[in-house]
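Student: Compact mmCIF, C-alpha atoms, file protein-v7.txt:
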# COMPACT_ATOMS: atom_id res chain seq x y z
CA MET W 21 -11.58 -4.70 18.58
CA LYS W 22 -8.57 -2.36 18.86
CA ALA W 23 -7.86 -3.44 22.44
CA TYR W 24 -8.16 -7.10 21.45
CA TYR W 25 -5.55 -6.86 18.70
CA GLU W 26 -3.19 -4.83 20.86
CA ALA W 27 -3.45 -7.53 23.54
CA ARG W 28 -3.01 -10.29 20.93
CA ALA W 29 0.09 -8.88 19.21
CA GLY W 30 2.67 -11.11 20.89
CA GLU W 31 0.73 -14.27 20.06
CA TYR W 32 -0.80 -13.29 16.71
CA ASP W 33 1.59 -15.37 14.60
CA ASP W 34 0.67 -18.47 16.63
CA TRP W 35 -2.55 -18.67 14.57
CA TRP W 36 -0.58 -18.79 11.32
CA LEU W 37 2.13 -21.12 12.61
CA GLY W 38 0.03 -23.51 14.70
CA ARG W 39 1.75 -22.65 17.98
CA GLY W 40 0.48 -21.84 21.47
CA ARG W 41 -3.30 -22.25 21.78
CA PHE W 42 -3.41 -23.46 18.15
CA VAL W 43 -0.94 -26.34 18.46
CA ASP W 44 -3.68 -28.94 18.99
CA ARG W 45 -6.27 -27.40 16.70
CA VAL W 46 -7.25 -29.77 13.89
CA ARG W 47 -6.89 -27.88 10.60
CA PRO W 48 -6.53 -30.36 7.73
CA GLY W 49 -4.34 -28.98 4.95
CA TRP W 50 -3.61 -25.73 6.83
CA ASP W 51 0.13 -25.55 6.13
CA ASP W 52 -0.38 -26.32 2.44
CA GLU W 53 -3.04 -23.62 2.14
CA VAL W 54 -0.88 -21.05 3.94
CA ALA W 55 1.92 -21.87 1.46
CA GLU W 56 -0.51 -21.47 -1.47
CA LEU W 57 -1.72 -18.15 -0.08
CA THR W 58 1.75 -16.70 0.39
CA GLY W 59 2.65 -17.90 -3.11
CA VAL W 60 -0.35 -16.08 -4.60
CA LEU W 61 0.68 -12.87 -2.83
CA ALA W 62 4.34 -13.16 -3.85
CA ALA W 63 3.27 -13.62 -7.49
CA LEU W 64 1.43 -10.28 -7.61
CA PRO W 65 3.14 -7.70 -9.82
CA PRO W 66 5.40 -5.42 -7.75
CA ALA W 67 3.56 -2.25 -6.73
CA ARG W 68 3.63 0.56 -4.22
CA THR W 69 1.34 -1.16 -1.72
CA LEU W 70 -0.44 -0.06 1.43
CA ASP W 71 -1.19 -2.99 3.74
CA VAL W 72 -4.10 -1.88 5.95
CA ALA W 73 -4.21 -3.61 9.34
CA CYS W 74 -0.87 -5.23 8.59
CA GLY W 75 -0.55 -6.68 12.09
CA THR W 76 2.80 -8.36 12.64
CA GLY W 77 3.59 -8.30 8.92
CA PHE W 78 3.16 -12.06 8.59
CA LEU W 79 1.56 -11.72 5.15
CA THR W 80 3.02 -8.28 4.44
CA GLN W 81 6.47 -9.82 4.04
CA HIS W 82 5.26 -11.70 0.95
CA LEU W 83 4.00 -8.63 -0.91
CA PRO W 84 6.27 -7.51 -3.78
CA GLY W 85 7.24 -3.88 -4.28
CA GLU W 86 7.48 -0.83 -2.02
CA ILE W 87 5.47 -1.56 1.12
CA VAL W 88 3.80 0.70 3.65
CA GLY W 89 2.09 -1.09 6.52
CA LEU W 90 -0.62 0.55 8.61
CA ASP W 91 -1.98 -0.71 11.91
CA GLN W 92 -3.61 0.83 14.98
CA SER W 93 -1.59 -1.40 17.34
CA GLU W 94 1.90 -0.19 18.20
CA SER W 95 2.73 -3.65 19.57
CA MET W 96 1.84 -5.23 16.21
CA LEU W 97 3.91 -2.61 14.39
CA GLU W 98 6.97 -3.28 16.56
CA ILE W 99 6.94 -6.91 15.44
CA ALA W 100 6.34 -5.93 11.79
CA ARG W 101 9.25 -3.45 11.85
CA GLU W 102 11.60 -6.17 13.12
CA ARG W 103 10.34 -8.57 10.46
CA MET W 104 10.64 -6.06 7.59
CA PRO W 105 13.20 -3.37 8.39
CA ASP W 106 13.13 -2.01 4.81
CA ALA W 107 9.39 -1.35 4.80
CA THR W 108 7.63 1.71 6.24
CA PHE W 109 5.15 1.23 9.06
CA VAL W 110 2.65 3.81 10.23
CA ARG W 111 0.30 3.78 13.20
CA GLY W 112 -3.17 4.84 12.17
CA ASP W 113 -6.82 4.06 11.65
CA GLY W 114 -7.75 1.53 8.96
CA ILE W 115 -10.92 3.33 7.91
CA ASP W 116 -9.81 6.97 7.96
CA LEU W 117 -6.57 6.46 6.06
CA PRO W 118 -3.88 9.10 6.75
CA PHE W 119 -2.70 9.29 3.12
CA GLU W 120 -3.22 11.50 0.10
CA ASP W 121 -5.42 10.66 -2.87
CA GLY W 122 -3.73 8.18 -5.20
CA ASP W 123 -0.68 7.61 -2.98
CA PHE W 124 -0.62 3.87 -3.75
CA ASP W 125 -0.94 1.49 -6.66
CA ARG W 126 -2.47 -1.21 -4.48
CA LEU W 127 -4.27 -1.43 -1.18
CA PHE W 128 -3.91 -4.84 0.44
CA THR W 129 -5.76 -6.04 3.52
CA SER W 130 -5.96 -9.39 5.22
CA TYR W 131 -8.65 -10.27 7.76
CA PHE W 132 -9.53 -6.63 8.37
CA TYR W 133 -12.48 -6.29 6.01
CA CYS W 134 -14.09 -9.36 7.60
CA HIS W 135 -14.18 -7.60 10.99
CA LEU W 136 -16.07 -4.57 9.67
CA GLU W 137 -19.82 -4.12 9.91
CA ALA W 138 -21.65 -3.08 6.69
CA ASP W 139 -21.39 0.71 7.20
CA GLU W 140 -17.69 0.42 8.10
CA ARG W 141 -17.06 -1.67 4.98
CA GLU W 142 -18.62 1.07 2.83
CA ARG W 143 -16.40 3.73 4.43
CA PHE W 144 -13.33 1.52 4.06
CA LEU W 145 -13.99 0.90 0.37
CA ALA W 146 -14.45 4.63 -0.27
CA GLU W 147 -11.15 5.36 1.47
CA GLY W 148 -9.42 2.50 -0.32
CA ARG W 149 -10.55 3.78 -3.72
CA ARG W 150 -9.37 7.24 -2.75
CA VAL W 151 -5.79 6.20 -1.96
CA ALA W 152 -5.21 3.29 -4.39
CA ARG W 153 -6.20 2.07 -7.85
CA GLU W 154 -6.44 -1.60 -6.87
CA LEU W 155 -7.68 -3.53 -3.84
CA VAL W 156 -6.48 -7.02 -2.92
CA LEU W 157 -8.36 -8.58 -0.03
CA VAL W 158 -7.75 -11.79 1.91
CA GLY W 159 -10.59 -13.23 3.95
CA SER W 160 -12.32 -16.42 4.95
CA PRO W 161 -14.66 -18.16 2.50
CA TRP W 162 -18.12 -19.17 3.65
CA ARG W 163 -18.58 -22.87 4.33
CA GLU W 164 -21.83 -24.84 4.29
CA GLY W 165 -23.76 -24.51 7.54
CA GLU W 166 -21.77 -21.49 8.72
CA GLU W 167 -23.40 -18.24 9.84
CA PRO W 168 -21.85 -15.62 7.51
CA ALA W 169 -21.92 -12.75 10.05
CA ARG W 170 -21.46 -13.47 13.74
CA TYR W 171 -19.72 -12.59 16.97
CA GLU W 172 -17.06 -15.09 18.03
CA GLU W 173 -15.44 -15.54 21.40
CA ARG W 174 -11.68 -15.34 21.23
CA ILE W 175 -9.48 -16.46 24.13
CA LEU W 176 -5.92 -15.22 24.51
CA ASN W 177 -3.03 -16.97 26.24
CA ASP W 178 -3.64 -14.92 29.39
CA GLY W 179 -7.16 -16.37 29.59
CA SER W 180 -8.90 -13.12 28.67
CA ARG W 181 -12.03 -13.50 26.56
CA TRP W 182 -13.07 -11.16 23.76
CA GLN W 183 -16.14 -10.89 21.53
CA VAL W 184 -15.08 -10.22 17.93
CA PHE W 185 -17.32 -9.56 14.92
CA LYS W 186 -16.48 -11.87 12.01
CA ARG W 187 -17.85 -11.93 8.46
CA VAL W 188 -17.11 -14.74 6.02
CA PHE W 189 -17.85 -14.33 2.33
CA VAL W 190 -19.32 -16.10 -0.63
CA PRO W 191 -17.08 -14.80 -3.44
CA GLU W 192 -20.02 -14.25 -5.79
CA GLU W 193 -21.55 -11.91 -3.17
CA LEU W 194 -18.30 -10.25 -2.14
CA LEU W 195 -17.22 -9.16 -5.61
CA PRO W 196 -20.37 -7.07 -6.29
CA GLU W 197 -19.94 -5.48 -2.85
CA LEU W 198 -16.44 -4.46 -3.92
CA GLY W 199 -17.73 -3.04 -7.21
CA GLY W 200 -16.56 -5.98 -9.32
CA GLY W 201 -13.26 -7.77 -9.65
CA GLU W 202 -11.86 -11.27 -9.79
CA ILE W 203 -11.03 -14.20 -7.55
CA LEU W 204 -7.26 -14.65 -7.37
CA HIS W 205 -7.34 -17.65 -5.05
CA ARG W 206 -10.00 -19.83 -3.50
CA GLY W 207 -8.45 -22.30 -1.08
CA ALA W 208 -10.01 -25.64 -0.35
CA ARG W 209 -11.06 -24.52 3.14
CA TYR W 210 -9.40 -21.49 4.64
CA PHE W 211 -8.50 -18.59 2.36
CA LEU W 212 -10.11 -16.40 -0.26
CA VAL W 213 -8.17 -13.75 -2.20
CA VAL W 214 -9.98 -11.26 -4.44
CA ARG W 215 -8.85 -8.28 -6.47
CA ALA W 216 -11.06 -5.30 -7.26
In structure tokens, what does this structure look like?
Tutor:
Amino acid sequence: MKAYYEARAGEYDDWWLGRGRFVDRVRPGWDDEVAELTGVLAALPPARTLDVACGTGFLTQHLPGEIVGLDQSESMLEIARERMPDATFVRGDGIDLPFEDGDFDRLFTSYFYCHLEADERERFLAEGRRVARELVLVGSPWREGEEPARYEERILNDGSRWQVFKRVFVPEELLPELGGGEILHRGARYFLVVRA
């Protein structure tokens, strides 16, 4: 997984922006849902926020308050630093967080939790609770007929092929896993935002 995201850094935003390999992908309502998602994030109360697996900072830039982004990929962090020169970016592991207890008001993560197997999710939640009072998570909602946990083949612009674990969530099952919380946003097709 780490090698995949390092290799994908230069083309990661293509997924969000519908460029490159995604230019011909049919995604009805995608741009509207991305706008709704970024609006939900921008409307959060300002907080000292740790964005775990921040990637290129595509969503990070919409978070209000003092921002620290963490990612294992230096190539992703280079792009994020250019995008958000006033934020702090740290290279590190998303499960064994290199921060002190209670360092943050909020831990935010987008499309990281959905790549973790069950035991990794437990460790991540324990670490998240250790460093922050609140968790805000963005993931993909389960859709009818979809296998909730699966390995997907991902193809990069260079033609390389990668097997990536992906978990999609039914909100009513995700919230108990997080120890309770609330749904902040449930898009028509693509995005789910929860707070715990």
Student: Write out as a list of chain:residue names the residues lying within 8 Å of Glu53 (chain W), counting all atoms listed in the file and excluding same-chain residues fewer than 5 positions away.
Tutor: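 Skipping anything fewer than 5 positions along the chain leaves W:Gly207, W:Ala208, W:Tyr210, W:Phe211.
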Student: What is the distance between CA of Ala152 (chain W) and CA of Arg126 (chain W), in Å to one decimal?
Tutor: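 Computing the Euclidean distance for CA of Ala152 (chain W) and CA of Arg126 (chain W) yields 5.3 Å.
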Student: Using Å and a single decimal, report how far CA of Ala107 (chain W) sits from CA of Glu86 (chain W).
Tutor: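 Straight-line distance from CA of Glu86 (chain W) to CA of Ala107 (chain W) works out to 7.1 Å.
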Student: How many Å lie between CA of Asp51 (chain W) and CA of Leu37 (chain W), rounded to one decimal?
Tutor: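 About the pair CA of Asp51 (chain W) and CA of Leu37 (chain W): they are 8.1 Å apart.
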Student: Would you pick out the contacts of Thr129 (chain W) at 12 Å or less, using all atoms listed in the file, so that residues sharing its chain but fewer than 6 positions from it are not included, and give the list as JSON, numbers by chain?
Tutor: {"W": [61, 69, 70, 71, 72, 73, 74, 75, 77, 78, 79, 80, 83, 88, 89, 90, 91, 114, 115, 135, 144, 145, 148, 154, 155, 156, 157, 158, 159, 212, 213, 214, 215]}
Student: Name the residues in contact with region 184-189 of chain W at a cut-off of 6 Å, using only C-alpha atoms, excluding same-chain residues fewer than 3 positions from it; report them as JSON, numbers by chain.
Tutor: {"W": [134, 135, 160, 161, 162, 168, 169, 170, 171, 172]}
Student: Let me make sure I understand: among W:Glu197, W:Asp44, W:Glu202, W:Glu166, which one has the smallest atom-to-atom distance to Tyr133 (chain W) if we use all atoms listed in the file?
Tutor: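 Nearest candidate to Tyr133 (chain W) out of W:Glu197, W:Asp44, W:Glu202, W:Glu166: W:Glu197.
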